[in-house]
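Visitor: Below you'll find query36.pdb; it's PDB, C-alpha atoms and all ligand atoms.
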```pdb
MODEL        1
ATOM      1  CA  MET A   1       0.000   0.000   0.000  1.00  0.00           C
ATOM      2  CA  ARG A   2       1.318   3.462  -0.856  1.00  0.00           C
ATOM      3  CA  THR A   3       1.489   6.008   1.937  1.00  0.00           C
ATOM      4  CA  ALA A   4       1.656   9.764   1.573  1.00  0.00           C
ATOM      5  CA  PRO A   5       5.025  11.366   2.398  1.00  0.00           C
ATOM      6  CA  ALA A   6       5.301  12.429   6.048  1.00  0.00           C
ATOM      7  CA  GLY A   7       3.868  15.848   6.690  1.00  0.00           C
ATOM      8  CA  ARG A   8       2.011  15.936   3.400  1.00  0.00           C
ATOM      9  CA  TYR A   9      -1.062  13.863   4.151  1.00  0.00           C
ATOM     10  CA  ARG A  10      -4.148  16.036   3.888  1.00  0.00           C
ATOM     11  CA  GLY A  11      -6.804  13.433   4.625  1.00  0.00           C
ATOM     12  CA  PRO A  12      -9.098  11.667   2.215  1.00  0.00           C
ATOM     13  CA  VAL A  13      -9.572  13.276  -1.167  1.00  0.00           C
ATOM     14  CA  THR A  14     -12.861  15.179  -1.110  1.00  0.00           C
ATOM     15  CA  HIS A  15     -14.657  17.400  -3.540  1.00  0.00           C
ATOM     16  CA  ALA A  16     -17.755  19.537  -3.510  1.00  0.00           C
ATOM     17  CA  PRO A  17     -20.788  17.502  -4.521  1.00  0.00           C
ATOM     18  CA  ARG A  18     -21.128  17.469  -8.289  1.00  0.00           C
ATOM     19  CA  ARG A  19     -24.666  18.669  -8.920  1.00  0.00           C
ATOM     20  CA  ALA A  20     -26.406  18.633 -12.304  1.00  0.00           C
ATOM     21  CA  VAL A  21     -29.694  20.075 -13.477  1.00  0.00           C
ATOM     22  CA  CYS A  22     -32.036  18.169 -15.815  1.00  0.00           C
ATOM     23  CA  PRO A  23     -34.403  20.890 -17.026  1.00  0.00           C
ATOM     24  CA  GLY A  24     -37.623  20.609 -18.959  1.00  0.00           C
ATOM     25  CA  SER A  25     -41.315  21.269 -18.976  1.00  0.00           C
ATOM     26  CA  TYR A  26     -42.079  17.597 -18.290  1.00  0.00           C
ATOM     27  CA  ASP A  27     -45.706  17.954 -19.396  1.00  0.00           C
ATOM     28  CA  PRO A  28     -45.693  15.027 -18.830  1.00  0.00           C
ATOM     29  CA  VAL A  29     -42.500  13.076 -18.068  1.00  0.00           C
ATOM     30  CA  THR A  30     -41.728  10.278 -20.544  1.00  0.00           C
ATOM     31  CA  GLN A  31     -39.583   7.150 -20.302  1.00  0.00           C
ATOM     32  CA  GLY A  32     -37.036   9.056 -22.411  1.00  0.00           C
ATOM     33  CA  HIS A  33     -36.784  11.774 -19.747  1.00  0.00           C
ATOM     34  CA  LEU A  34     -36.529   9.165 -16.990  1.00  0.00           C
ATOM     35  CA  ASP A  35     -33.729   7.333 -18.796  1.00  0.00           C
ATOM     36  CA  VAL A  36     -31.721  10.574 -19.000  1.00  0.00           C
ATOM     37  CA  ILE A  37     -32.445  11.453 -15.345  1.00  0.00           C
ATOM     38  CA  GLU A  38     -31.313   8.005 -14.217  1.00  0.00           C
ATOM     39  CA  ARG A  39     -28.113   8.167 -16.249  1.00  0.00           C
ATOM     40  CA  ALA A  40     -27.411  11.736 -15.075  1.00  0.00           C
ATOM     41  CA  ALA A  41     -27.798  10.506 -11.485  1.00  0.00           C
ATOM     42  CA  ALA A  42     -25.211   7.786 -12.133  1.00  0.00           C
ATOM     43  CA  LEU A  43     -22.717  10.421 -13.320  1.00  0.00           C
ATOM     44  CA  HIS A  44     -23.250  13.046 -10.605  1.00  0.00           C
ATOM     45  CA  ASP A  45     -23.580  13.213  -6.831  1.00  0.00           C
ATOM     46  CA  GLU A  46     -26.929  14.975  -7.071  1.00  0.00           C
ATOM     47  CA  VAL A  47     -29.429  15.734  -9.807  1.00  0.00           C
ATOM     48  CA  VAL A  48     -32.035  18.470  -9.616  1.00  0.00           C
ATOM     49  CA  VAL A  49     -34.887  17.849 -12.024  1.00  0.00           C
ATOM     50  CA  ALA A  50     -36.017  21.411 -12.750  1.00  0.00           C
ATOM     51  CA  VAL A  51     -39.627  21.658 -13.900  1.00  0.00           C
ATOM     52  CA  LEU A  52     -39.633  25.001 -15.729  1.00  0.00           C
ATOM     53  CA  HIS A  53     -42.964  26.532 -16.605  1.00  0.00           C
ATOM     54  CA  ASN A  54     -44.645  29.695 -17.695  1.00  0.00           C
ATOM     55  CA  PRO A  55     -47.550  30.467 -15.321  1.00  0.00           C
ATOM     56  CA  ALA A  56     -49.327  32.328 -18.135  1.00  0.00           C
ATOM     57  CA  LYS A  57     -49.547  29.140 -20.201  1.00  0.00           C
ATOM     58  CA  ALA A  58     -51.848  26.360 -19.034  1.00  0.00           C
ATOM     59  CA  GLY A  59     -50.151  23.037 -19.605  1.00  0.00           C
ATOM     60  CA  THR A  60     -51.862  19.692 -19.901  1.00  0.00           C
ATOM     61  CA  PHE A  61     -50.910  18.922 -16.304  1.00  0.00           C
ATOM     62  CA  ALA A  62     -50.518  21.280 -13.343  1.00  0.00           C
ATOM     63  CA  VAL A  63     -46.911  21.585 -12.184  1.00  0.00           C
ATOM     64  CA  ALA A  64     -47.724  19.747  -8.940  1.00  0.00           C
ATOM     65  CA  GLU A  65     -49.007  16.796 -10.994  1.00  0.00           C
ATOM     66  CA  ARG A  66     -45.870  16.835 -13.180  1.00  0.00           C
ATOM     67  CA  VAL A  67     -43.681  16.797 -10.064  1.00  0.00           C
ATOM     68  CA  GLY A  68     -45.629  13.901  -8.561  1.00  0.00           C
ATOM     69  CA  PHE A  69     -45.305  11.848 -11.754  1.00  0.00           C
ATOM     70  CA  ILE A  70     -41.524  12.386 -11.818  1.00  0.00           C
ATOM     71  CA  GLU A  71     -40.980  11.728  -8.106  1.00  0.00           C
ATOM     72  CA  ARG A  72     -42.945   8.483  -8.117  1.00  0.00           C
ATOM     73  CA  ALA A  73     -41.327   7.228 -11.338  1.00  0.00           C
ATOM     74  CA  VAL A  74     -37.802   8.021 -10.088  1.00  0.00           C
ATOM     75  CA  SER A  75     -38.563   6.306  -6.798  1.00  0.00           C
ATOM     76  CA  ALA A  76     -40.035   3.254  -8.586  1.00  0.00           C
ATOM     77  CA  ARG A  77     -36.786   2.934 -10.561  1.00  0.00           C
ATOM     78  CA  GLY A  78     -34.829   3.033  -7.289  1.00  0.00           C
ATOM     79  CA  VAL A  79     -32.766   6.015  -8.434  1.00  0.00           C
ATOM     80  CA  ARG A  80     -31.037   7.853  -5.577  1.00  0.00           C
ATOM     81  CA  GLY A  81     -29.754  11.414  -5.364  1.00  0.00           C
ATOM     82  CA  VAL A  82     -32.543  13.045  -7.382  1.00  0.00           C
ATOM     83  CA  ARG A  83     -34.834  15.849  -6.275  1.00  0.00           C
ATOM     84  CA  VAL A  84     -37.514  17.654  -8.227  1.00  0.00           C
ATOM     85  CA  GLU A  85     -38.045  21.420  -8.039  1.00  0.00           C
ATOM     86  CA  VAL A  86     -40.345  23.860  -9.813  1.00  0.00           C
ATOM     87  CA  PHE A  87     -39.246  27.177 -11.315  1.00  0.00           C
ATOM     88  CA  ALA A  88     -41.414  29.751 -13.062  1.00  0.00           C
ATOM     89  CA  ASP A  89     -40.362  32.394 -15.573  1.00  0.00           C
ATOM     90  CA  ARG A  90     -36.652  31.927 -14.923  1.00  0.00           C
ATOM     91  CA  LEU A  91     -33.491  31.651 -16.952  1.00  0.00           C
ATOM     92  CA  LEU A  92     -31.976  28.202 -16.672  1.00  0.00           C
ATOM     93  CA  VAL A  93     -28.637  29.708 -15.645  1.00  0.00           C
ATOM     94  CA  ASP A  94     -30.358  31.401 -12.683  1.00  0.00           C
ATOM     95  CA  VAL A  95     -31.877  28.073 -11.709  1.00  0.00           C
ATOM     96  CA  CYS A  96     -28.385  26.536 -11.847  1.00  0.00           C
ATOM     97  CA  ARG A  97     -26.959  29.298  -9.658  1.00  0.00           C
ATOM     98  CA  GLU A  98     -29.793  28.936  -7.145  1.00  0.00           C
ATOM     99  CA  VAL A  99     -29.371  25.182  -6.723  1.00  0.00           C
ATOM    100  CA  GLY A 100     -25.567  25.289  -6.887  1.00  0.00           C
ATOM    101  CA  ALA A 101     -25.161  23.359 -10.142  1.00  0.00           C
ATOM    102  CA  ASP A 102     -22.651  24.108 -12.884  1.00  0.00           C
ATOM    103  CA  VAL A 103     -23.747  21.408 -15.315  1.00  0.00           C
ATOM    104  CA  VAL A 104     -26.928  20.916 -17.314  1.00  0.00           C
ATOM    105  CA  VAL A 105     -27.678  17.418 -18.626  1.00  0.00           C
ATOM    106  CA  LYS A 106     -29.857  16.941 -21.687  1.00  0.00           C
ATOM    107  CA  GLY A 107     -30.709  13.905 -23.783  1.00  0.00           C
ATOM    108  CA  LEU A 108     -30.395  13.980 -27.556  1.00  0.00           C
ATOM    109  CA  ARG A 109     -32.723  11.823 -29.650  1.00  0.00           C
ATOM    110  CA  GLY A 110     -31.167  12.904 -32.932  1.00  0.00           C
ATOM    111  CA  GLU A 111     -29.961  15.747 -35.124  1.00  0.00           C
ATOM    112  CA  ALA A 112     -33.110  17.828 -34.660  1.00  0.00           C
ATOM    113  CA  ASP A 113     -32.584  17.837 -30.901  1.00  0.00           C
ATOM    114  CA  PHE A 114     -28.949  18.820 -31.361  1.00  0.00           C
ATOM    115  CA  ALA A 115     -29.913  21.719 -33.640  1.00  0.00           C
ATOM    116  CA  TYR A 116     -32.435  22.905 -31.042  1.00  0.00           C
ATOM    117  CA  GLU A 117     -30.199  22.377 -28.016  1.00  0.00           C
ATOM    118  CA  LEU A 118     -26.858  23.678 -29.264  1.00  0.00           C
ATOM    119  CA  PRO A 119     -27.738  27.420 -29.320  1.00  0.00           C
ATOM    120  CA  MET A 120     -29.225  27.103 -25.823  1.00  0.00           C
ATOM    121  CA  ALA A 121     -26.113  25.337 -24.552  1.00  0.00           C
ATOM    122  CA  LEU A 122     -23.898  28.028 -26.082  1.00  0.00           C
ATOM    123  CA  MET A 123     -26.085  30.776 -24.626  1.00  0.00           C
ATOM    124  CA  ASN A 124     -26.002  29.247 -21.157  1.00  0.00           C
ATOM    125  CA  ARG A 125     -22.217  28.998 -21.336  1.00  0.00           C
ATOM    126  CA  HIS A 126     -22.016  32.584 -22.590  1.00  0.00           C
ATOM    127  CA  LEU A 127     -24.289  33.904 -19.834  1.00  0.00           C
ATOM    128  CA  ALA A 128     -22.840  32.121 -16.846  1.00  0.00           C
ATOM    129  CA  GLY A 129     -20.223  29.543 -17.826  1.00  0.00           C
ATOM    130  CA  VAL A 130     -22.746  26.752 -17.305  1.00  0.00           C
ATOM    131  CA  GLU A 131     -21.720  23.690 -19.304  1.00  0.00           C
ATOM    132  CA  THR A 132     -24.178  21.330 -20.990  1.00  0.00           C
ATOM    133  CA  VAL A 133     -23.535  17.599 -21.150  1.00  0.00           C
ATOM    134  CA  PHE A 134     -25.474  15.756 -23.851  1.00  0.00           C
ATOM    135  CA  LEU A 135     -26.369  12.107 -23.375  1.00  0.00           C
ATOM    136  CA  PRO A 136     -27.425  10.046 -26.379  1.00  0.00           C
ATOM    137  CA  GLY A 137     -31.055   9.119 -25.878  1.00  0.00           C
ATOM    138  CA  ASP A 138     -32.027   5.463 -25.585  1.00  0.00           C
ATOM    139  CA  ALA A 139     -32.269   4.245 -29.184  1.00  0.00           C
ATOM    140  CA  GLY A 140     -35.540   2.498 -28.414  1.00  0.00           C
ATOM    141  CA  LEU A 141     -37.140   5.768 -27.273  1.00  0.00           C
ATOM    142  CA  GLY A 142     -36.043   8.064 -30.104  1.00  0.00           C
ATOM    143  CA  HIS A 143     -39.657   8.601 -31.189  1.00  0.00           C
ATOM    144  CA  VAL A 144     -40.925   9.552 -27.728  1.00  0.00           C
ATOM    145  CA  SER A 145     -41.750  13.131 -26.779  1.00  0.00           C
ATOM    146  CA  SER A 146     -44.327  14.658 -24.442  1.00  0.00           C
ATOM    147  CA  SER A 147     -46.119  16.334 -27.340  1.00  0.00           C
ATOM    148  CA  LEU A 148     -46.249  13.200 -29.487  1.00  0.00           C
ATOM    149  CA  VAL A 149     -47.567  10.945 -26.723  1.00  0.00           C
ATOM    150  CA  LYS A 150     -50.293  13.511 -26.061  1.00  0.00           C
ATOM    151  CA  GLU A 151     -51.295  13.519 -29.711  1.00  0.00           C
ATOM    152  CA  VAL A 152     -51.350   9.725 -29.850  1.00  0.00           C
ATOM    153  CA  VAL A 153     -53.546   9.500 -26.748  1.00  0.00           C
ATOM    154  CA  ARG A 154     -55.853  12.279 -27.972  1.00  0.00           C
ATOM    155  CA  TYR A 155     -56.715  10.224 -31.055  1.00  0.00           C
ATOM    156  CA  GLY A 156     -57.066   6.909 -29.280  1.00  0.00           C
ATOM    157  CA  GLY A 157     -53.581   5.383 -29.586  1.00  0.00           C
ATOM    158  CA  ASP A 158     -51.791   3.344 -26.924  1.00  0.00           C
ATOM    159  CA  VAL A 159     -48.668   4.826 -25.285  1.00  0.00           C
ATOM    160  CA  THR A 160     -47.989   1.942 -22.887  1.00  0.00           C
ATOM    161  CA  GLY A 161     -44.242   1.658 -22.299  1.00  0.00           C
ATOM    162  CA  LEU A 162     -43.537   5.184 -23.534  1.00  0.00           C
ATOM    163  CA  VAL A 163     -44.577   6.866 -20.280  1.00  0.00           C
ATOM    164  CA  PRO A 164     -45.100   5.471 -16.764  1.00  0.00           C
ATOM    165  CA  ASP A 165     -48.439   3.634 -16.478  1.00  0.00           C
ATOM    166  CA  GLU A 166     -49.722   6.275 -14.067  1.00  0.00           C
ATOM    167  CA  VAL A 167     -48.988   8.979 -16.662  1.00  0.00           C
ATOM    168  CA  ARG A 168     -50.623   6.941 -19.437  1.00  0.00           C
ATOM    169  CA  ASP A 169     -53.804   6.586 -17.384  1.00  0.00           C
ATOM    170  CA  ALA A 170     -53.827  10.300 -16.505  1.00  0.00           C
ATOM    171  CA  LEU A 171     -53.335  11.207 -20.181  1.00  0.00           C
ATOM    172  CA  VAL A 172     -56.249   9.006 -21.228  1.00  0.00           C
ATOM    173  CA  GLU A 173     -58.418  10.542 -18.516  1.00  0.00           C
ATOM    174  CA  ARG A 174     -57.507  14.068 -19.557  1.00  0.00           C
ATOM    175  CA  LEU A 175     -57.187  13.947 -23.309  1.00  0.00           C
ATOM    176  CA  ARG A 176     -59.106  11.139 -24.895  1.00  0.00           C
ATOM    177  CA  ASP A 177     -61.908  12.370 -27.149  1.00  0.00           C
ATOM    178  CA  ARG A 178     -60.988  16.024 -26.516  1.00  0.00           C
TER     179      ARG A 178
HETATM  180  O1  LIG B 201     -38.987  20.225 -22.129  1.00  0.00           O
HETATM  181  P1  LIG B 201     -38.647  21.435 -22.947  1.00  0.00           P
HETATM  182  O2  LIG B 201     -39.885  22.224 -23.216  1.00  0.00           O
HETATM  183  O3  LIG B 201     -37.884  21.091 -24.197  1.00  0.00           O
HETATM  184  O4  LIG B 201     -37.684  22.325 -22.042  1.00  0.00           O
HETATM  185  C1  LIG B 201     -37.117  23.516 -22.535  1.00  0.00           C
HETATM  186  C2  LIG B 201     -36.467  24.290 -21.389  1.00  0.00           C
HETATM  187  C3  LIG B 201     -37.528  24.585 -20.324  1.00  0.00           C
HETATM  188  C4  LIG B 201     -35.364  23.464 -20.783  1.00  0.00           C
HETATM  189  C5  LIG B 201     -35.895  25.603 -21.993  1.00  0.00           C
HETATM  190  O5  LIG B 201     -36.909  26.280 -22.663  1.00  0.00           O
HETATM  191  C6  LIG B 201     -35.280  26.501 -20.946  1.00  0.00           C
HETATM  192  O6  LIG B 201     -34.146  26.309 -20.558  1.00  0.00           O
HETATM  193  N1  LIG B 201     -36.067  27.495 -20.455  1.00  0.00           N
HETATM  194  C7  LIG B 201     -35.627  28.415 -19.420  1.00  0.00           C
HETATM  195  C8  LIG B 201     -35.501  29.824 -19.959  1.00  0.00           C
HETATM  196  C9  LIG B 201     -34.112  30.075 -20.494  1.00  0.00           C
HETATM  197  O7  LIG B 201     -33.121  29.958 -19.795  1.00  0.00           O
HETATM  198  N2  LIG B 201     -34.059  30.380 -21.783  1.00  0.00           N
HETATM  199  C10 LIG B 201     -32.829  30.614 -22.463  1.00  0.00           C
HETATM  200  C11 LIG B 201     -32.135  29.320 -22.811  1.00  0.00           C
HETATM  201  S1  LIG B 201     -30.670  29.659 -23.642  1.00  0.00           S
ENDMDL
END
```
Rewrite the structure of this file - the entire thing - as structure tokens.

Guide:
Amino acid sequence: MRTAPAGRYRGPVTHAPRRAVCPGSYDPVTQGHLDVIERAAALHDEVVVAVLHNPAKAGTFAVAERVGFIERAVSARGVRGVRVEVFADRLLVDVCREVGADVVVKGLRGEADFAYELPMALMNRHLAGVETVFLPGDAGLGHVSSSLVKEVVRYGGDVTGLVPDEVRDALVERLRDR
């Protein structure tokens, strides 16, 4: 076993907790989001899932419902080190500052996501030095988005496996035949 030279030992190596933000509107959370949250949690000490919303715009689900869906799905997956917070009318970089995170994690399903995300990542770095880490989305979930699952449910399609069962049932309740 190697020992530190006498007089130079400074105790165990420690570092400030590495905290990442996974932002989104999560209206509602999908299995694609949950895959990215789980993988972000494996790479960081803590993950803050930031539910960002505009109070002037009514979503499909109230923010409290969105938070509940995420919390229960994360817990059901047994993922540790994740908390969910709500922010209204805020820049993402201000959210990062408030929660003490210097990294944003986003999933990329393909080139269209990259084209959409890159200017935001550059802007966030320009504004506050916040870095964005892109994770390749699960190949089996490349077609899954909150807006598409809502459209499918609205016209009678089945989204089982694309969102948590609880979310599927809530979508059917809220959207079918409307
Ligand atoms: O799930 P979404 O709708 O794709 O999430 C987009 C979101 C909320 C992450 C993005 O719009 C955002 O970061 N909004 C916060 C406002 C902000 O910081 N805008 C400038 C980004 S460069």

Visitor: In Å, how far is it from atom CA of Arg90 of chain A to atom CA of Gly107 of chain A?

Guide: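 Spanning atom CA of Arg90 of chain A to atom CA of Gly107 of chain A is a straight-line distance of 20.9 Å.
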
Visitor: Identify all residues satisfying the PyMOL selection byres (((chain A and resi 100) around 12) and not hetatm) in the given file; provide them as a VMD selection string.

Guide: chain A and resid 16 to 21 46 to 48 93 to 99 101 to 104 130

Visitor: Give me, as a ChimeraX atom specification, the set of residues whose atoms come within 9 Å of any atom of ligand LIG 201 (chain B), counting all atoms listed in the file.

Guide: /A:22-27,29,50-53,87-95,106,116-117,119-125,127,145-146

Visitor: Return the single residue from A:Val49, A:Ile70, A:Ala115, A:Ala56 that is closest to Glu166 of chain A, with distances computed using only C-alpha atoms.

Guide: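 Of A:Val49, A:Ile70, A:Ala115, A:Ala56, the one nearest Glu166 of chain A, counting only C-alpha atoms, is A:Ile70.
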
Visitor: Taking the file as shown, what set of residues would the PyMOL selection byres (((chain A and resi 169) around 12) and not hetatm) give back, as an NGL selection string?

Guide: :A and (28 or 69 or 150 or 153 or 158-161 or 163-168 or 170-176)

Visitor: Which residue gives the smallest distance to Asp45 of chain A among A:His33, A:Arg83, A:Arg66, A:His126, with all atoms listed in the file counted?

Guide: A:Arg83

Visitor: Between atom CA of Ser147 of chain A and atom CA of Ala64 of chain A, measure the distance and give it in Å to one decimal.

Guide: 18.8 Å

Visitor: Have a look at atom CA of Arg80 of chain A and atom CA of Leu118 of chain A and let me know their distance in Å, one decimal.

Guide: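 If I compute the distance from atom CA of Arg80 of chain A to atom CA of Leu118 of chain A, I get 28.8 Å.
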
Visitor: Rank nothing, just name the residue among A:Pro136, A:Leu148, A:Leu34, A:His143 nearest to Ser75 of chain A, using only C-alpha atoms.

Guide: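 Selected residue with least distance to Ser75 of chain A: A:Leu34.
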
Visitor: Specify as a PyMOL selection string each residue included when the PyMOL selection byres (((chain A and resi 32) around 8) and not hetatm) is applied to this file.

Guide: chain A and resi 30-31+33-36+137-138+141-142+144-145+162

Visitor: Using only C-alpha atoms, pick whichever of A:Gly156, A:Gly140, A:Glu111, A:Glu38 has the shortest atom-to-atom distance to Ala73 of chain A.

Guide: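 Answer, going by the shortest atom-to-atom distance: A:Glu38.
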